[in-house]
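Undergrad: Sharing start-v7.tsv below, TSV, C-alpha atoms:
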chain	number	residue	atom	x	y	z
K	1021	MET	CA	61.95	-57.97	-58.64
K	1022	THR	CA	61.77	-59.63	-62.06
K	1023	HIS	CA	64.51	-58.41	-64.39
K	1024	ARG	CA	63.81	-58.20	-68.10
K	1025	THR	CA	67.37	-58.93	-69.22
K	1026	ALA	CA	69.00	-62.35	-68.84
K	1027	GLU	CA	72.60	-61.89	-67.69
K	1028	VAL	CA	74.57	-64.31	-69.88
K	1029	PHE	CA	77.86	-63.36	-68.20
K	1030	ARG	CA	76.77	-64.60	-64.75
K	1031	ASP	CA	77.68	-68.22	-65.40
K	1032	ASP	CA	80.26	-67.73	-68.17
K	1033	ALA	CA	82.24	-64.50	-68.23
K	1034	TYR	CA	84.13	-65.67	-71.34
K	1035	ILE	CA	81.19	-65.37	-73.75
K	1036	ARG	CA	82.15	-62.39	-75.91
K	1037	ALA	CA	78.92	-61.90	-77.86
K	1038	CYS	CA	75.31	-63.04	-77.93
K	1039	GLU	CA	72.22	-62.66	-80.06
K	1040	ALA	CA	69.47	-60.57	-78.46
K	1041	ASN	CA	66.25	-58.68	-79.14
K	1042	VAL	CA	65.64	-55.04	-78.28
K	1043	LEU	CA	62.92	-54.77	-75.65
K	1044	ASP	CA	62.92	-51.02	-75.19
K	1045	VAL	CA	64.72	-47.77	-76.06
K	1046	ASN	CA	64.20	-45.18	-73.35
K	1047	GLU	CA	63.79	-41.43	-73.75
K	1048	ARG	CA	67.55	-40.92	-73.33
K	1049	GLY	CA	68.47	-43.49	-75.96
K	1050	GLY	CA	69.36	-46.26	-73.51
K	1051	ILE	CA	68.74	-49.72	-74.94
K	1052	VAL	CA	67.27	-52.67	-73.01
K	1053	LEU	CA	67.83	-56.16	-74.43
K	1054	ASP	CA	66.23	-59.50	-73.56
K	1055	GLN	CA	69.71	-60.90	-72.82
K	1056	THR	CA	73.24	-59.53	-72.75
K	1057	VAL	CA	76.92	-60.29	-72.24
K	1058	PHE	CA	77.47	-56.70	-71.02
K	1059	TYR	CA	78.14	-56.24	-67.30
K	1060	ALA	CA	76.40	-53.21	-65.78
K	1061	THR	CA	78.33	-50.88	-63.47
K	1062	GLY	CA	78.23	-52.17	-59.90
K	1063	GLY	CA	80.27	-53.51	-57.01
K	1064	GLY	CA	83.21	-51.31	-57.98
K	1065	GLN	CA	83.45	-52.73	-61.51
K	1066	PRO	CA	82.70	-50.36	-64.42
K	1067	GLY	CA	80.12	-51.22	-67.05
K	1068	ASP	CA	81.15	-52.92	-70.27
K	1069	VAL	CA	81.57	-51.22	-73.62
K	1070	GLY	CA	81.29	-52.69	-77.10
K	1071	THR	CA	78.89	-52.72	-80.04
K	1072	LEU	CA	75.35	-53.65	-81.00
K	1073	ASP	CA	75.22	-54.86	-84.61
K	1074	PHE	CA	71.94	-55.02	-86.53
K	1075	ASP	CA	70.65	-54.84	-90.12
K	1076	GLY	CA	74.12	-54.17	-91.49
K	1077	ASP	CA	74.64	-51.30	-89.07
K	1078	SER	CA	76.61	-51.01	-85.83
K	1079	ILE	CA	76.37	-48.69	-82.85
K	1080	SER	CA	78.99	-48.15	-80.16
K	1081	ILE	CA	78.03	-48.69	-76.52
K	1082	GLY	CA	79.90	-46.32	-74.20
K	1083	THR	CA	78.86	-47.87	-70.90
K	1084	THR	CA	76.32	-50.19	-69.32
K	1085	ILE	CA	74.36	-49.24	-66.21
K	1086	ARG	CA	71.39	-50.30	-64.11
K	1087	ALA	CA	68.34	-48.10	-63.80
K	1088	GLU	CA	64.97	-49.02	-62.27
K	1089	GLY	CA	65.89	-52.70	-62.38
K	1090	ASP	CA	66.89	-52.72	-66.04
K	1091	ILE	CA	70.31	-53.15	-67.65
K	1092	ILE	CA	70.75	-50.14	-69.91
K	1093	HIS	CA	73.20	-50.17	-72.83
K	1094	VAL	CA	74.17	-46.50	-73.27
K	1095	PRO	CA	75.31	-45.50	-76.78
K	1096	TYR	CA	78.01	-42.95	-77.52
K	1097	GLY	CA	76.60	-39.62	-78.75
K	1098	ASP	CA	73.99	-39.44	-81.49
K	1099	GLN	CA	73.61	-42.68	-83.39
K	1100	ASP	CA	70.79	-44.34	-85.30
K	1101	LEU	CA	69.24	-46.66	-82.72
K	1102	PRO	CA	67.43	-49.95	-83.30
K	1103	ASP	CA	63.67	-50.07	-82.80
K	1104	PRO	CA	62.07	-52.34	-80.20
K	1105	GLY	CA	61.81	-55.84	-81.61
K	1106	THR	CA	65.01	-55.57	-83.64
K	1107	GLY	CA	67.41	-58.49	-83.43
K	1108	VAL	CA	70.99	-57.48	-82.58
K	1109	THR	CA	74.37	-59.02	-81.87
K	1110	ALA	CA	75.75	-57.65	-78.60
K	1111	ALA	CA	79.55	-57.83	-78.72
K	1112	LEU	CA	82.00	-56.83	-76.00
K	1113	ASP	CA	85.23	-54.89	-76.22
K	1114	TRP	CA	86.89	-58.10	-75.11
K	1115	GLU	CA	90.39	-56.77	-74.43
K	1116	ARG	CA	88.99	-54.24	-71.97
K	1117	ARG	CA	86.63	-56.77	-70.34
K	1118	HIS	CA	89.38	-59.34	-69.91
K	1119	ARG	CA	91.63	-56.78	-68.18
K	1120	LEU	CA	88.75	-55.99	-65.82
K	1121	MET	CA	88.26	-59.70	-65.12
K	1122	ARG	CA	91.94	-60.08	-64.26
K	1123	MET	CA	91.90	-56.95	-62.12
K	1124	HIS	CA	88.69	-57.85	-60.28
K	1125	THR	CA	90.05	-61.27	-59.38
K	1126	ALA	CA	93.29	-59.60	-58.24
K	1127	THR	CA	91.33	-57.41	-55.81
K	1128	HIS	CA	89.88	-60.57	-54.24
K	1129	LEU	CA	93.43	-61.82	-53.72
K	1130	LEU	CA	94.27	-58.49	-52.12
K	1131	CYS	CA	91.33	-58.93	-49.73
K	1132	SER	CA	92.56	-62.39	-48.83
K	1133	ALA	CA	96.08	-61.14	-48.08
K	1134	ILE	CA	95.10	-58.30	-45.72
K	1135	PRO	CA	93.13	-59.50	-42.66
K	1136	CYS	CA	91.07	-56.33	-42.25
K	1137	GLY	CA	87.59	-55.09	-43.05
K	1138	VAL	CA	87.00	-53.65	-46.51
K	1139	THR	CA	85.41	-50.20	-46.64
K	1140	GLY	CA	85.37	-49.65	-50.40
K	1141	GLY	CA	87.02	-50.40	-53.70
K	1142	SER	CA	87.21	-49.74	-57.40
K	1143	VAL	CA	88.23	-51.93	-60.34
K	1144	GLY	CA	89.91	-50.35	-63.37
K	1145	THR	CA	91.79	-51.38	-66.48
K	1146	ASP	CA	94.97	-49.52	-65.47
K	1147	LYS	CA	94.82	-49.76	-61.69
K	1148	SER	CA	92.45	-50.92	-59.00
K	1149	ARG	CA	92.21	-50.12	-55.31
K	1150	ILE	CA	90.77	-51.49	-52.10
K	1151	ASP	CA	90.20	-49.47	-48.93
K	1152	PHE	CA	90.84	-51.29	-45.65
K	1153	ASP	CA	89.91	-50.49	-42.06
K	1154	THR	CA	93.36	-51.49	-40.81
K	1155	GLY	CA	93.27	-50.39	-37.18
K	1156	GLU	CA	96.66	-51.33	-35.74
K	1157	TYR	CA	97.56	-53.61	-38.67
K	1158	LYS	CA	100.61	-52.44	-40.64
K	1159	ILE	CA	100.71	-53.02	-44.39
K	1160	ASP	CA	104.07	-54.34	-45.63
K	1161	LYS	CA	104.22	-53.68	-49.39
K	1162	GLU	CA	107.10	-56.09	-49.99
K	1163	PHE	CA	105.35	-58.94	-48.18
K	1164	LEU	CA	102.03	-58.11	-49.84
K	1165	SER	CA	103.54	-58.14	-53.33
K	1166	ALA	CA	105.22	-61.49	-52.71
K	1167	GLU	CA	102.03	-63.00	-51.29
K	1168	LEU	CA	99.85	-61.87	-54.19
K	1169	ASN	CA	102.26	-63.18	-56.79
K	1170	ARG	CA	102.55	-66.48	-54.93
K	1171	LEU	CA	98.76	-66.84	-55.11
K	1172	VAL	CA	98.90	-66.05	-58.84
K	1173	GLU	CA	101.66	-68.57	-59.48
K	1174	ASP	CA	99.82	-71.27	-57.52
K	1175	ASP	CA	97.09	-70.98	-60.17
K	1176	HIS	CA	94.08	-71.49	-57.90
K	1177	LYS	CA	90.72	-72.27	-59.49
K	1178	VAL	CA	88.15	-69.44	-59.45
K	1179	GLU	CA	84.53	-70.55	-59.43
K	1180	THR	CA	80.99	-69.38	-58.77
K	1181	VAL	CA	78.94	-70.78	-55.89
K	1182	TRP	CA	75.27	-69.98	-55.27
K	1183	ILE	CA	73.66	-70.07	-51.81
K	1184	THR	CA	70.23	-69.17	-50.47
K	1185	ARG	CA	69.41	-65.86	-48.81
K	1186	GLU	CA	69.02	-67.69	-45.49
K	1187	GLU	CA	72.49	-69.23	-45.81
K	1188	PHE	CA	73.97	-65.85	-46.66
K	1189	ASP	CA	72.26	-64.04	-43.79
K	1190	ALA	CA	73.72	-66.62	-41.41
K	1191	GLN	CA	77.26	-65.84	-42.63
K	1192	PRO	CA	77.59	-62.03	-42.72
K	1193	ASP	CA	81.37	-62.24	-43.22
K	1194	LEU	CA	80.70	-63.37	-46.81
K	1195	ALA	CA	79.98	-59.70	-47.63
K	1196	ARG	CA	83.55	-58.46	-47.37
K	1197	THR	CA	82.86	-54.88	-48.45
K	1198	MET	CA	80.83	-53.01	-45.85
K	1199	THR	CA	79.27	-50.64	-48.39
K	1200	VAL	CA	78.37	-53.24	-51.05
K	1201	LYS	CA	75.66	-55.79	-50.31
K	1202	PRO	CA	73.67	-58.16	-52.53
K	1203	PRO	CA	70.21	-56.85	-53.52
K	1204	ALA	CA	67.81	-57.08	-50.60
K	1205	ASP	CA	65.26	-58.93	-52.75
K	1206	ALA	CA	67.72	-61.56	-54.05
K	1207	GLU	CA	66.65	-65.07	-53.10
K	1208	ARG	CA	69.95	-66.59	-54.28
K	1209	ILE	CA	73.33	-65.04	-53.57
K	1210	ARG	CA	76.32	-65.43	-55.86
K	1211	LEU	CA	79.68	-66.13	-54.23
K	1212	VAL	CA	83.11	-66.14	-55.85
K	1213	LYS	CA	85.39	-68.86	-54.47
K	1214	ILE	CA	89.15	-68.90	-55.04
K	1215	GLY	CA	90.92	-72.18	-54.36
K	1216	ASP	CA	89.97	-74.37	-51.43
K	1217	ASP	CA	90.58	-71.70	-48.81
K	1218	VAL	CA	92.07	-68.58	-50.46
K	1219	ASP	CA	88.96	-66.42	-50.60
K	1220	LEU	CA	85.17	-66.71	-50.52
K	1221	GLN	CA	82.89	-63.68	-50.73
K	1222	SER	CA	79.68	-62.44	-52.29
K	1223	CYS	CA	80.30	-60.78	-55.66
K	1224	GLY	CA	78.33	-60.15	-58.83
K	1225	GLY	CA	81.34	-59.20	-60.98
K	1226	THR	CA	83.24	-60.98	-63.73
K	1227	HIS	CA	86.38	-63.01	-63.02
K	1228	VAL	CA	88.99	-65.15	-64.71
K	1229	ALA	CA	88.87	-68.94	-64.37
K	1230	SER	CA	92.09	-69.30	-62.39
K	1231	THR	CA	94.53	-67.01	-60.63
K	1232	GLY	CA	97.35	-67.87	-63.03
K	1233	GLU	CA	95.47	-66.00	-65.76
K	1234	ILE	CA	95.84	-62.73	-63.83
K	1235	GLY	CA	99.57	-62.50	-64.52
K	1236	ARG	CA	102.14	-60.81	-62.36
K	1237	LEU	CA	100.89	-58.07	-60.01
K	1238	ARG	CA	102.47	-54.94	-58.58
K	1239	ILE	CA	101.46	-53.06	-55.44
K	1240	GLY	CA	101.29	-49.32	-56.03
K	1241	LYS	CA	100.69	-46.57	-53.52
K	1242	VAL	CA	99.32	-47.14	-50.05
K	1243	ASP	CA	97.48	-43.95	-49.11
K	1244	ASN	CA	96.47	-42.84	-45.64
K	1245	LYS	CA	92.75	-42.00	-45.79
K	1246	GLY	CA	92.16	-41.41	-42.08
K	1247	ALA	CA	93.13	-42.68	-38.67
K	1248	ARG	CA	92.27	-46.28	-39.55
K	1249	ASN	CA	91.70	-46.33	-43.31
K	1250	ARG	CA	94.37	-47.30	-45.85
K	1251	ARG	CA	93.86	-47.32	-49.62
K	1252	VAL	CA	95.96	-49.93	-51.44
K	1253	TYR	CA	96.48	-49.67	-55.20
K	1254	ILE	CA	97.23	-52.67	-57.37
K	1255	HIS	CA	98.49	-52.84	-60.97
K	1256	LEU	CA	98.91	-55.55	-63.58
K	1257	GLY	CA	102.57	-56.40	-64.04
K	1258	GLU	CA	102.76	-55.43	-67.70
K	1259	ASP	CA	101.81	-51.88	-66.73
K	1260	ALA	CA	104.92	-51.50	-64.53
When written as structure tokens, how does the structure in this file appear?

TA:
Amino acid sequence: MTHRTAEVFRDDAYIRACEANVLDVNERGGIVLDQTVFYATGGGQPGDVGTLDFDGDSISIGTTIRAEGDIIHVPYGDQDLPDPGTGVTAALDWERRHRLMRMHTATHLLCSAIPCGVTGGSVGTDKSRIDFDTGEYKIDKEFLSAELNRLVEDDHKVETVWITREEFDAQPDLARTMTVKPPADAERIRLVKIGDDVDLQSCGGTHVASTGEIGRLRIGKVDNKGARNRRVYIHLGEDA
């Protein structure tokens, strides 16, 4: 499938704004741009919020989603919307995005520290969680907290690696979350690599450039969600 919107954030999650042109405004007021820095909801990470500035005016974007292959910028309430063809500046709520980048990278560290299958997850600004199929494995919160903060302090590089569909299909373990897979029609698959051997998995989300940028982490509740399933919550240290 050919997508109409170029995803500027894919190769550089630190770009806070970009110039763009409005391609379409749908019947619900959702705005499609030719390029964007806004991440659309997916893979457990919520869509970005921010503003679209044009002709001396500004509208607030309340979320960003995908629908029928398009990235849709969804405005808050009733606002005067730009017409197709209008040039805009798409600008993120950077503080919120950066917290999500830190949190999303932290969930990858959590995956690396618990040697179990991942059955689900959610990234948030206040807390994030990963669900694990633990079987007989016992989660030790004290050990887990120490291990995560060691990985943060070691300041491992976080980078993007692209592989072909054939390479990905030959390594199914690269899809750590059982319920989240790359698009079936994707010819190239994006991997997020942390350090030389900390973590490597398919992911379309936004991440910080090194683990040291995450800051101190705190393990929250560990909930029992069934005979084998455990839900582990993680928080940024400043929220303790």

Undergrad: Wanna dump the range 1111-1212 of chain K-range 1089-1100 of chain K contacts at 12 Å for me, each residue with its shortest atom pair and the distance in Å to one decimal, counting all atoms listed in the file, ordered by chain and number, as a tab-separated table?

TA:
residue	atom	partner	partner_atom	distance
K:Ala1111	CA	K:His1093	CA	11.6
K:Leu1112	CA	K:His1093	CA	11.5
K:Pro1203	CA	K:Gly1089	CA	10.7
K:Asp1205	CA	K:Gly1089	CA	11.5

Undergrad: Dump as JSON lines the rows for residues of range 1077-1159 of chain K within 6 Å of range 1215-1235 of chain K: closest atom pair and distance in Å with one decimal, all atoms listed in the file counted, ordered by chain and rising residue number.

TA:
{"residue": "K:Met1121", "atom": "CA", "partner": "K:His1227", "partner_atom": "CA", "distance": 4.3}
{"residue": "K:Arg1122", "atom": "CA", "partner": "K:Ile1234", "partner_atom": "CA", "distance": 4.7}
{"residue": "K:Thr1125", "atom": "CA", "partner": "K:His1227", "partner_atom": "CA", "distance": 5.5}
{"residue": "K:Ser1132", "atom": "CA", "partner": "K:Asp1219", "partner_atom": "CA", "distance": 5.7}

Undergrad: Distance CA of Thr1084 in chain K-CA of Pro1202 in chain K, one decimal place?

TA: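 Result for CA of Thr1084 in chain K versus CA of Pro1202 in chain K: 18.8 Å, one decimal.
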
Undergrad: Find, counting only C-alpha atoms, the residue in K:Asp1054, K:Asp1044, K:Val1108, K:Arg1208 that gets nearest to Gly1076 in chain K.

TA: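 Closest residue, counting only C-alpha atoms: K:Val1108.
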
Undergrad: What separation in Å, quoted to one decimal, exists between CA of Ile1035 in chain K and CA of Trp1114 in chain K?

TA: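 Atom-to-atom, CA of Ile1035 in chain K to CA of Trp1114 in chain K, that is 9.3 Å.
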
Undergrad: Any idea what the distance is between CA of Arg1250 in chain K and CA of Tyr1059 in chain K?

TA: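 Spanning CA of Arg1250 in chain K to CA of Tyr1059 in chain K is a straight-line distance of 28.3 Å.
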
Undergrad: Taking only C-alpha atoms into account, which of K:Arg1119, K:Arg1248, K:Arg1030, K:Lys1158 comes nearest Leu1211 in chain K?

TA: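 Closest candidate: K:Arg1030.
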
Undergrad: Which residue gives the smallest distance to Leu1194 in chain K among K:Ala1166, K:Arg1116, K:Gly1137, K:Asp1153, with all atoms listed in the file counted?

TA: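 Nearest candidate to Leu1194 in chain K out of K:Ala1166, K:Arg1116, K:Gly1137, K:Asp1153: K:Gly1137.
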
Undergrad: So, counting all atoms listed in the file, which residue among K:Gly1240, K:Pro1066, K:Gly1050, K:Gly1105 is closest to Ser1080 in chain K?

TA: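 Using all atoms listed in the file, Ser1080 in chain K sits closest to K:Gly1050.
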
Undergrad: Given all atoms listed in the file as the basis, pick out the residue of K:Cys1038, K:Ile1051, K:Ala1026, K:Val1143 nearest to Leu1101 in chain K.

TA: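 Of the candidates, the smallest distance to Leu1101 in chain K is held by K:Ile1051.
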
Undergrad: As an mmCIF file, in the frame of the given file, please: range 1023-1056 of chain K completed to N, CA and C atoms.

TA:
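As written to disk, rebuild_15.cif reads:
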data_model
loop_
_atom_site.group_PDB
_atom_site.id
_atom_site.type_symbol
_atom_site.label_atom_id
_atom_site.label_comp_id
_atom_site.auth_asym_id
_atom_site.auth_seq_id
_atom_site.Cartn_x
_atom_site.Cartn_y
_atom_site.Cartn_z
ATOM 1 N N HIS K 1023 63.690 -59.184 -63.464
ATOM 2 C CA HIS K 1023 64.510 -58.410 -64.390
ATOM 3 C C HIS K 1023 64.215 -58.853 -65.814
ATOM 4 N N ARG K 1024 64.163 -57.882 -66.720
ATOM 5 C CA ARG K 1024 63.810 -58.200 -68.100
ATOM 6 C C ARG K 1024 64.982 -58.760 -68.897
ATOM 7 N N THR K 1025 66.200 -58.531 -68.451
ATOM 8 C CA THR K 1025 67.370 -58.930 -69.220
ATOM 9 C C THR K 1025 68.080 -60.109 -68.575
ATOM 10 N N ALA K 1026 68.231 -61.200 -69.328
ATOM 11 C CA ALA K 1026 69.000 -62.350 -68.840
ATOM 12 C C ALA K 1026 70.481 -62.010 -68.908
ATOM 13 N N GLU K 1027 71.186 -62.266 -67.799
ATOM 14 C CA GLU K 1027 72.600 -61.890 -67.690
ATOM 15 C C GLU K 1027 73.468 -63.093 -68.073
ATOM 16 N N VAL K 1028 73.826 -63.175 -69.346
ATOM 17 C CA VAL K 1028 74.570 -64.310 -69.880
ATOM 18 C C VAL K 1028 75.918 -64.467 -69.190
ATOM 19 N N PHE K 1029 76.527 -63.348 -68.783
ATOM 20 C CA PHE K 1029 77.860 -63.360 -68.200
ATOM 21 C C PHE K 1029 77.900 -63.974 -66.804
ATOM 22 N N ARG K 1030 76.763 -64.141 -66.148
ATOM 23 C CA ARG K 1030 76.770 -64.600 -64.750
ATOM 24 C C ARG K 1030 77.424 -65.972 -64.596
ATOM 25 N N ASP K 1031 77.150 -66.864 -65.515
ATOM 26 C CA ASP K 1031 77.680 -68.220 -65.400
ATOM 27 C C ASP K 1031 78.883 -68.466 -66.307
ATOM 28 N N ASP K 1032 79.109 -67.581 -67.286
ATOM 29 C CA ASP K 1032 80.260 -67.730 -68.170
ATOM 30 C C ASP K 1032 80.730 -66.360 -68.622
ATOM 31 N N ALA K 1033 81.741 -65.839 -67.930
ATOM 32 C CA ALA K 1033 82.240 -64.500 -68.230
ATOM 33 C C ALA K 1033 83.065 -64.461 -69.516
ATOM 34 N N TYR K 1034 83.298 -65.621 -70.143
ATOM 35 C CA TYR K 1034 84.130 -65.670 -71.340
ATOM 36 C C TYR K 1034 83.323 -65.577 -72.637
ATOM 37 N N ILE K 1035 82.011 -65.541 -72.541
ATOM 38 C CA ILE K 1035 81.190 -65.370 -73.750
ATOM 39 C C ILE K 1035 81.319 -63.922 -74.205
ATOM 40 N N ARG K 1036 81.811 -63.729 -75.418
ATOM 41 C CA ARG K 1036 82.150 -62.390 -75.910
ATOM 42 C C ARG K 1036 80.996 -61.701 -76.634
ATOM 43 N N ALA K 1037 80.030 -62.478 -77.103
ATOM 44 C CA ALA K 1037 78.920 -61.900 -77.860
ATOM 45 C C ALA K 1037 77.709 -62.807 -77.733
ATOM 46 N N CYS K 1038 76.531 -62.243 -77.927
ATOM 47 C CA CYS K 1038 75.310 -63.040 -77.930
ATOM 48 C C CYS K 1038 74.278 -62.379 -78.829
ATOM 49 N N GLU K 1039 73.358 -63.187 -79.316
ATOM 50 C CA GLU K 1039 72.220 -62.660 -80.060
ATOM 51 C C GLU K 1039 71.156 -62.206 -79.068
ATOM 52 N N ALA K 1040 70.475 -61.116 -79.373
ATOM 53 C CA ALA K 1040 69.470 -60.570 -78.460
ATOM 54 C C ALA K 1040 68.420 -59.812 -79.239
ATOM 55 N N ASN K 1041 67.316 -59.503 -78.566
ATOM 56 C CA ASN K 1041 66.250 -58.680 -79.140
ATOM 57 C C ASN K 1041 66.093 -57.419 -78.299
ATOM 58 N N VAL K 1042 65.854 -56.307 -78.971
ATOM 59 C CA VAL K 1042 65.640 -55.040 -78.280
ATOM 60 C C VAL K 1042 64.254 -55.036 -77.655
ATOM 61 N N LEU K 1043 64.199 -54.853 -76.344
ATOM 62 C CA LEU K 1043 62.920 -54.770 -75.650
ATOM 63 C C LEU K 1043 62.401 -53.343 -75.580
ATOM 64 N N ASP K 1044 63.338 -52.401 -75.429
ATOM 65 C CA ASP K 1044 62.920 -51.020 -75.190
ATOM 66 C C ASP K 1044 64.084 -50.084 -75.504
ATOM 67 N N VAL K 1045 63.755 -48.867 -75.936
ATOM 68 C CA VAL K 1045 64.720 -47.770 -76.060
ATOM 69 C C VAL K 1045 64.126 -46.606 -75.287
ATOM 70 N N ASN K 1046 64.810 -46.209 -74.199
ATOM 71 C CA ASN K 1046 64.200 -45.180 -73.350
ATOM 72 C C ASN K 1046 64.367 -43.785 -73.927
ATOM 73 N N GLU K 1047 63.814 -42.801 -73.222
ATOM 74 C CA GLU K 1047 63.790 -41.430 -73.750
ATOM 75 C C GLU K 1047 65.180 -40.825 -73.895
ATOM 76 N N ARG K 1048 66.175 -41.407 -73.217
ATOM 77 C CA ARG K 1048 67.550 -40.920 -73.330
ATOM 78 C C ARG K 1048 68.384 -41.733 -74.313
ATOM 79 N N GLY K 1049 67.759 -42.673 -74.985
ATOM 80 C CA GLY K 1049 68.470 -43.490 -75.960
ATOM 81 C C GLY K 1049 69.089 -44.749 -75.390
ATOM 82 N N GLY K 1050 68.844 -45.035 -74.109
ATOM 83 C CA GLY K 1050 69.360 -46.260 -73.510
ATOM 84 C C GLY K 1050 68.603 -47.473 -74.012
ATOM 85 N N ILE K 1051 69.319 -48.544 -74.291
ATOM 86 C CA ILE K 1051 68.740 -49.720 -74.940
ATOM 87 C C ILE K 1051 68.665 -50.887 -73.955
ATOM 88 N N VAL K 1052 67.489 -51.490 -73.853
ATOM 89 C CA VAL K 1052 67.270 -52.670 -73.010
ATOM 90 C C VAL K 1052 67.109 -53.880 -73.928
ATOM 91 N N LEU K 1053 67.874 -54.931 -73.648
ATOM 92 C CA LEU K 1053 67.830 -56.160 -74.430
ATOM 93 C C LEU K 1053 67.213 -57.294 -73.607
ATOM 94 N N ASP K 1054 66.780 -58.350 -74.298
ATOM 95 C CA ASP K 1054 66.230 -59.500 -73.560
ATOM 96 C C ASP K 1054 67.323 -60.354 -72.926
ATOM 97 N N GLN K 1055 68.564 -60.255 -73.450
ATOM 98 C CA GLN K 1055 69.710 -60.900 -72.820
ATOM 99 C C GLN K 1055 70.969 -60.149 -73.236
ATOM 100 N N THR K 1056 72.023 -60.294 -72.440
ATOM 101 C CA THR K 1056 73.240 -59.530 -72.750
ATOM 102 C C THR K 1056 74.469 -60.195 -72.158
#
